[in-house]
Amino acid sequence: MRSTVFWQSLVRWIALAAVLTPLAMSHALDAPAQAVLGAGAVLLFVSAFFWPRCPHCRTRIVQFSKRKWLPGLTCWHCGRPYDEDRCPPHLARLLEAVEQAAKVRKTDPAAADRLDADAEAEFAAASGRERAGLRERAPFDRAAALRLRTRLEEDLKALDRVRKTLLKSAESDSQAGAGLQNLEAAQRPIREEIASLNLTLQRLAARRSDQGGGLTSA
Ligand SMILES: [Zn+2]
């Protein structure tokens, strides 16, 4: 799971490498070509001071002092996930905790298990609270309806990945067949909720165009 700012940063460094490589073999280049490439390299490097930025607090992504050239999941300044649509704050916290637990595991497996269990419980609770809030606001709040739909689509994708694994083992494992049926049963209400959200979104869009647009909260 990578945020847009991650790919933007990565593309910039790849472009910089693409400019620096011919510069390093400068004997093959004439002076004007060297000057153009040199200016391009400087511009690309300087762009890191301005772009990309955190969408929440507008802090630049690159941490020059720490030699951190590519962003993680969360902003180093405000702590929010760069891409909250795809990575809710509680998922970012879970991933951080799991990483932390993996570090501890070598020296203290029991503590690592506790960290994992606590993080999973916290994740389930926070995820439940977020869903409940989104479901409450979705009927009249387009942003909430859109975010809830994104979350549900991610759920479906996750279950699809499980389905692929089960299908592979279905031939050798009789339990996998039952697992597939349970999976289907779990996906059905999610699909129904997405369909109902699509209707809500259509209704909200119709109401917005009735009002001449632009005046409702986003
Ligand atoms: Zn930030």
# chains A, B, ... in the order shown; residues from 1 in each chain; ligands from 1
call {"tool": "select_by_dssp", "arguments": {"residues": "stretch 19-164 of chain A", "states": "strand (DSSP E or B)", "output": "ChimeraX atom specification"}}
result
/A:53,60,63,68,74,81
call {"tool": "residues_near_ligand", "arguments": {"ligand": "ligand 1", "cutoff": "12 Å", "atoms": "only C-alpha atoms and all ligand atoms", "output": "ChimeraX atom specification"}}
result
/A:5,52-62,71-84
call {"tool": "residues_around", "arguments": {"residues": "A:Val98", "least_positions_apart": "6", "cutoff": "12 Å", "atoms": "only C-alpha atoms", "output": "list in words"}}
result
Leu91, Ala92, Val104, Arg105, Ala111, Ala112, Asp113, Arg114, Leu115, Asp116, Ala117, Asp118, Ala119, Glu120 and Phe123 of chain A
call {"tool": "write_last_selection", "arguments": {"atoms": "C-alpha atoms", "output": "PDB file, in the first residue's frame"}}
result
ATOM      1  CA  LEU A  91      -4.541   0.921   9.942  1.00  0.00           C
ATOM      2  CA  ALA A  92      -1.370   3.037   9.995  1.00  0.00           C
ATOM      3  CA  VAL A 104      10.885  -6.995  19.792  1.00  0.00           C
ATOM      4  CA  ARG A 105      10.147 -10.631  18.834  1.00  0.00           C
ATOM      5  CA  ALA A 111       5.983  -9.138  24.673  1.00  0.00           C
ATOM      6  CA  ALA A 112       5.729  -9.211  20.868  1.00  0.00           C
ATOM      7  CA  ASP A 113       2.574 -11.365  21.077  1.00  0.00           C
ATOM      8  CA  ARG A 114       1.063  -8.921  23.584  1.00  0.00           C
ATOM      9  CA  LEU A 115       1.904  -5.961  21.318  1.00  0.00           C
ATOM     10  CA  ASP A 116       0.288  -7.719  18.354  1.00  0.00           C
ATOM     11  CA  ALA A 117      -2.843  -8.635  20.309  1.00  0.00           C
ATOM     12  CA  ASP A 118      -3.234  -5.121  21.760  1.00  0.00           C
ATOM     13  CA  ALA A 119      -2.730  -3.546  18.339  1.00  0.00           C
ATOM     14  CA  GLU A 120      -5.294  -5.848  16.714  1.00  0.00           C
ATOM     15  CA  PHE A 123      -7.557  -1.657  15.347  1.00  0.00           C
TER      16      PHE A 123
END
call {"tool": "atom_distance", "arguments": {"atom1": "atom CA of A:Ala185", "atom2": "atom CA of A:Leu199"}}
result
22.4 Å
call {"tool": "residues_around", "arguments": {"residues": "stretch 133-149 of chain A", "least_positions_apart": "2", "cutoff": "12 Å", "atoms": "only C-alpha atoms", "output": "ChimeraX atom specification"}}
result
/A:83-88,126-131,151-156,190-208,216-218
call {"tool": "residues_around", "arguments": {"residues": "stretch 175-182 of chain A", "least_positions_apart": "4", "cutoff": "8 Å", "atoms": "only C-alpha atoms", "output": "JSON, numbers by chain"}}
result
{"A": [163, 166, 167, 169, 170, 186]}
call {"tool": "write_last_selection", "arguments": {"atoms": "C-alpha atoms", "output": "PDB file, in the first residue's frame"}}
result
ATOM      1  CA  ARG A 163     -10.618 -16.483  -2.015  1.00  0.00           C
ATOM      2  CA  LEU A 166      -8.603 -20.917  -0.837  1.00  0.00           C
ATOM      3  CA  LEU A 167      -9.223 -21.789  -4.492  1.00  0.00           C
ATOM      4  CA  SER A 169      -5.941 -25.300  -1.841  1.00  0.00           C
ATOM      5  CA  ALA A 170      -9.550 -26.369  -2.607  1.00  0.00           C
ATOM      6  CA  ALA A 186     -19.408 -12.552   4.002  1.00  0.00           C
TER       7      ALA A 186
END
